[in-house]
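First the structure, in the form of structure tokens, and then the observations on it.
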Amino acid sequence: MITSHFGLSGRPFGKDIPPGKLYLTNQHRSVLRKLEQTAAHGTHAALTGEVGVGKSTLLRALYDKLPGARHTCHYVGSDLPSRGILRAVARGLGLAPYWLRADLIVQVQRGVTDQFEKAGRRTLLTIDESHLLKYPVLEDLRLLTNFKVDSSPILSLLLVGQPPLRERLMFKAAEAIDQRLEVKLVFEPLSRQETGEYLRHHLDFAGATSPIFAGAAEDLVFERTQGIPRRINQLALQALELAAERGEQIVDERLVELAATLS
Ligand SMILES: Nc1ncnc2c1ncn2[C@@H]1O[C@H](COP(=O)(O)OP(=O)(O)O)[C@@H](O)[C@H]1O
Ligand SMILES: [Mg+2]
């Protein structure tokens, strides 16, 4: 309905926007640069931000930028029981995981070292939704942060999660891993101006040839979503549906207001 009404080539505000076509602010570029450096130098980092702010999307952009000579392991915190991380990393390295924890650690260390020495690949281990990790898993991860070849670090750990991750890292039980995280980044929502650009960027990507949201409508989208991209997507789609139902070509603040009561 939206697509034909506004003469678009595809449904806007989708999740599948390719990494090269993302909307990037100065903040995105700066965070990406720091994460690339983390991966290149074998250091460790934490990235936190509100749900829907664009963390997982930024990871896709990071993977797209990393050189091919990189072994990347990506896991989601909710899927990792205690000890699960070591087994998962072993499997990611193409190994059949050993049973005992001490053996597993040695096995993973060898696997990561082999990647480096035989294939010239450093390892980047990313855990998305890290705020869900249990303390024993954080402790297992800490053990992985010591891997070095000739004193050069060969594994980078990147913890990505919602703000409670910051609080979890402040507890005594997480002190050891917290001390390893040299880089701590907080991802902030979009500003008012960026929210307008974001709306236009997604609509351009979907094939819009002229503006659809009025300036006052953009203001209201910002006010209602606080610049959180996932919320912007939902509200904008709802407002576009209403406009299409009513035969309107421009989304004004009245339609955004109505959409906000529905979404
Ligand atoms: N830089 C961006 N460019 C385009 N769309 C984005 C961008 N960041 C986020 N989005 C959109 O917002 C949605 C939510 O982002 P996501 O990365 O899943 O948030 P988080 O992981 O922080 O919860 C994505 O599905 C995507 O549609
Ligand atoms: Mg996410």
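The way I read the labels, and the way they are meant: chains A, B, ... in the order of the structure tokens, residue 1 as the first residue of every chain, and ligand 1 as the first ligand shown, with later ones counted on from there.
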When you look at A:His131 with a cut-off of 9 Å (counting only C-alpha atoms), what residues show up, excluding the ones that are within fewer than 4 positions of it in the same chain? I need them as a list of chain:residue names.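 The residues satisfying every condition are A:Thr48, A:Gly77, A:Ser78, A:Leu159, A:Val160, A:Gly161, A:Gln162, A:Pro163, A:Pro164, A:Leu165, A:Arg166, A:Glu167, A:Arg168.
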What does the file look like for those residues with N, CA and C atoms, as a PDB file, in the first residue's frame?
```
ATOM      1  N   THR A  48      27.921   0.305  24.588  1.00  0.00           N
ATOM      2  CA  THR A  48      26.578   0.220  25.168  1.00  0.00           C
ATOM      3  C   THR A  48      25.679   1.293  24.569  1.00  0.00           C
ATOM      4  N   GLY A  77      24.325 -12.857  23.532  1.00  0.00           N
ATOM      5  CA  GLY A  77      24.422 -13.184  24.957  1.00  0.00           C
ATOM      6  C   GLY A  77      23.339 -14.122  25.452  1.00  0.00           C
ATOM      7  N   SER A  78      22.106 -13.933  24.964  1.00  0.00           N
ATOM      8  CA  SER A  78      20.996 -14.737  25.474  1.00  0.00           C
ATOM      9  C   SER A  78      21.162 -16.219  25.137  1.00  0.00           C
ATOM     10  N   LEU A 159      32.352  -6.400  23.579  1.00  0.00           N
ATOM     11  CA  LEU A 159      31.080  -6.625  24.271  1.00  0.00           C
ATOM     12  C   LEU A 159      30.108  -5.522  23.882  1.00  0.00           C
ATOM     13  N   VAL A 160      28.948  -5.903  23.373  1.00  0.00           N
ATOM     14  CA  VAL A 160      27.947  -4.930  22.928  1.00  0.00           C
ATOM     15  C   VAL A 160      26.665  -5.211  23.689  1.00  0.00           C
ATOM     16  N   GLY A 161      26.050  -4.177  24.260  1.00  0.00           N
ATOM     17  CA  GLY A 161      24.823  -4.452  25.007  1.00  0.00           C
ATOM     18  C   GLY A 161      24.102  -3.199  25.458  1.00  0.00           C
ATOM     19  N   GLN A 162      22.983  -3.414  26.112  1.00  0.00           N
ATOM     20  CA  GLN A 162      22.168  -2.311  26.629  1.00  0.00           C
ATOM     21  C   GLN A 162      22.818  -1.729  27.894  1.00  0.00           C
ATOM     22  N   PRO A 163      22.370  -0.539  28.354  1.00  0.00           N
ATOM     23  CA  PRO A 163      23.047   0.130  29.472  1.00  0.00           C
ATOM     24  C   PRO A 163      23.281  -0.731  30.721  1.00  0.00           C
ATOM     25  N   PRO A 164      22.410  -1.707  31.057  1.00  0.00           N
ATOM     26  CA  PRO A 164      22.710  -2.513  32.257  1.00  0.00           C
ATOM     27  C   PRO A 164      24.068  -3.215  32.186  1.00  0.00           C
ATOM     28  N   LEU A 165      24.636  -3.364  30.982  1.00  0.00           N
ATOM     29  CA  LEU A 165      25.979  -3.968  30.881  1.00  0.00           C
ATOM     30  C   LEU A 165      26.989  -3.131  31.669  1.00  0.00           C
ATOM     31  N   ARG A 166      26.829  -1.787  31.606  1.00  0.00           N
ATOM     32  CA  ARG A 166      27.778  -0.921  32.333  1.00  0.00           C
ATOM     33  C   ARG A 166      27.705  -1.217  33.827  1.00  0.00           C
ATOM     34  N   GLU A 167      26.475  -1.395  34.329  1.00  0.00           N
ATOM     35  CA  GLU A 167      26.326  -1.686  35.762  1.00  0.00           C
ATOM     36  C   GLU A 167      26.890  -3.059  36.113  1.00  0.00           C
ATOM     37  N   ARG A 168      26.642  -4.045  35.243  1.00  0.00           N
ATOM     38  CA  ARG A 168      27.173  -5.397  35.512  1.00  0.00           C
ATOM     39  C   ARG A 168      28.691  -5.364  35.610  1.00  0.00           C
TER      40      ARG A 168
END
```
So that I can check the surroundings of A:Arg60, please list as a PyMOL selection string every protein, DNA and RNA residue that reaches within 12 Å of it, counting only C-alpha atoms and ignoring chain neighbours fewer than 6 positions away. chain A and resi 15-22+32+54+66+72+74+126+128
Would you put the residues from that selection into a file with N, CA and C atoms, as a compact mmCIF listing (two decimals), in the first residue's frame?
```
# COMPACT_ATOMS: atom_id res chain seq x y z
N LYS A 15 14.77 -3.62 7.77
CA LYS A 15 15.96 -4.02 8.53
C LYS A 15 17.11 -4.39 7.61
N ASP A 16 16.76 -4.68 6.36
CA ASP A 16 17.72 -5.32 5.47
C ASP A 16 18.56 -4.31 4.67
N ILE A 17 18.59 -3.07 5.12
CA ILE A 17 19.37 -2.05 4.42
C ILE A 17 20.85 -2.50 4.39
N PRO A 18 21.47 -2.57 3.19
CA PRO A 18 22.83 -3.13 3.13
C PRO A 18 23.84 -2.26 3.88
N PRO A 19 24.93 -2.86 4.37
CA PRO A 19 25.90 -2.12 5.19
C PRO A 19 26.42 -0.86 4.50
N GLY A 20 26.59 -0.92 3.19
CA GLY A 20 27.11 0.24 2.47
C GLY A 20 26.09 1.36 2.32
N LYS A 21 24.84 1.11 2.65
CA LYS A 21 23.77 2.12 2.44
C LYS A 21 23.19 2.62 3.76
N LEU A 22 23.86 2.35 4.86
CA LEU A 22 23.34 2.80 6.15
C LEU A 22 23.46 4.32 6.27
N LEU A 32 32.82 3.55 14.66
CA LEU A 32 33.34 2.52 13.73
C LEU A 32 34.86 2.55 13.68
N GLY A 54 20.76 1.25 17.41
CA GLY A 54 21.52 0.93 16.19
C GLY A 54 22.82 0.18 16.42
N LEU A 66 35.93 -4.64 7.91
CA LEU A 66 37.14 -5.35 8.34
C LEU A 66 37.80 -6.04 7.15
N THR A 72 36.13 -13.84 12.35
CA THR A 72 35.16 -13.19 13.24
C THR A 72 34.21 -14.22 13.83
N HIS A 74 30.74 -14.27 16.10
CA HIS A 74 29.67 -13.39 16.58
C HIS A 74 28.65 -14.22 17.34
N THR A 126 32.88 -11.10 19.10
CA THR A 126 31.87 -10.12 19.47
C THR A 126 30.71 -10.81 20.15
N ASP A 128 26.99 -9.80 21.16
CA ASP A 128 25.89 -8.84 21.16
C ASP A 128 24.97 -9.21 22.32
```
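Excluding stretch 202-211 of chain A and any residue on its chain fewer than 3 positions from it, the residues at most 9 Å away by only C-alpha atoms are Thr3, Phe6, Gly7, Leu8, Ser9, Gly10, Arg11, Pro12, Phe13, Gly14, Ile17, Lys21, Leu22, Tyr23, Glu197, Tyr198, Leu199, Ala214 and Ile250 of chain A.
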Distance limit 10 Å, reference ligand 2, atoms considered: only C-alpha atoms and all ligand atoms. Which residues make the cut? Give them as a PyMOL selection string. chain A and resi 49-59+76+128-130+160-162
Taking 6 positions as the minimum chain separation for residues in the same chain, which residues sit within 8 Å of stretch 191-194 of chain A when counting only C-alpha atoms? Answer as a ChimeraX atom specification. /A:25,219,222,227
Selected residues written out, C-alpha atoms, as a short mmCIF file (atom, residue, chain, number, x, y, z; two decimals), in the first residue's frame:
```cif
data_model
loop_
_atom_site.label_atom_id
_atom_site.label_comp_id
_atom_site.auth_asym_id
_atom_site.auth_seq_id
_atom_site.Cartn_x
_atom_site.Cartn_y
_atom_site.Cartn_z
CA THR A 25 26.43 10.29 11.47
CA ASP A 219 9.96 17.56 14.79
CA PHE A 222 11.91 13.24 17.06
CA GLY A 227 15.90 9.78 18.11
#
```
Rank A:Leu138, A:Val31, A:Ile228, A:Ala90 by their smallest atom-to-atom distance to A:Phe171, using only C-alpha atoms, and report the top residue only.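 Distance minimum relative to A:Phe171 lands on A:Leu138.
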Residues within 9 Å of stretch 140-156 of chain A, only C-alpha atoms, excluding chain neighbours under 2 positions, as an MDAnalysis selection string: chainID A and resid 38:45 82:83 85:86 105 108:109 112:113 116:117 121:126 135:138 158 176:178 180
Students should find that atom CA of A:Val186 and atom CA of A:Ile232 are spaced 19.9 Å
Alpha helix (DSSP H) per DSSP on the backbone: members of stretch 116-261 of chain A, as a VMD selection string: chain A and resid 116 to 119 135 to 144 164 to 170 175 to 180 192 to 205 215 to 225 229 to 246 253 to 261
Atom CA of A:Arg200 and atom CA of A:Gln27, how far apart in Å? 18.4 Å
In Å to one decimal, how far is atom CA of A:Gly84 from atom CA of A:Tyr63?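 Interatomic distance, atom CA of A:Tyr63 to atom CA of A:Gly84: 23.2 Å.
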Pick from A:Arg246, A:Arg254, A:Lys184, A:His201 nearest to ligand 1, counting only C-alpha atoms and all ligand atoms: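 Closest candidate: A:His201.
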My list of candidates is A:Leu95, A:Ala216, A:Lys65, A:Lys134. Which is closest to A:Gln37 when distances are computed with only C-alpha atoms?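 Between A:Leu95, A:Ala216, A:Lys65, A:Lys134, the residue approaching A:Gln37 most closely is A:Lys65.
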Identify, on the basis of only C-alpha atoms, every residue whose closest approach to A:Leu93 does not exceed 9 Å; exclude the query and any residue fewer than 4 positions from it along the same chain; express the result as a short mmCIF file (atom, residue, chain, number, x, y, z; two decimals) with N, CA and C atoms, in the first residue's frame.
```cif
data_model
loop_
_atom_site.label_atom_id
_atom_site.label_comp_id
_atom_site.auth_asym_id
_atom_site.auth_seq_id
_atom_site.Cartn_x
_atom_site.Cartn_y
_atom_site.Cartn_z
N HIS A 71 39.33 -13.50 11.41
CA HIS A 71 38.39 -14.56 11.79
C HIS A 71 37.40 -13.91 12.75
N CYS A 73 34.01 -14.12 15.13
CA CYS A 73 33.02 -14.96 15.81
C CYS A 73 31.99 -14.01 16.38
N ALA A 88 31.37 -22.75 22.00
CA ALA A 88 30.94 -22.09 20.76
C ALA A 88 32.15 -21.56 19.98
N VAL A 89 33.11 -20.97 20.69
CA VAL A 89 34.29 -20.44 20.00
C VAL A 89 35.09 -21.58 19.40
N VAL A 108 41.05 -23.67 22.64
CA VAL A 108 40.66 -22.43 21.97
C VAL A 108 41.91 -21.57 21.72
N GLY A 111 43.65 -22.93 18.81
CA GLY A 111 42.89 -22.66 17.58
C GLY A 111 43.09 -21.22 17.11
N VAL A 112 43.02 -20.27 18.07
CA VAL A 112 43.19 -18.85 17.73
C VAL A 112 44.62 -18.60 17.25
N GLN A 115 45.01 -19.87 13.72
CA GLN A 115 44.41 -18.93 12.77
C GLN A 115 45.42 -17.84 12.41
#
```
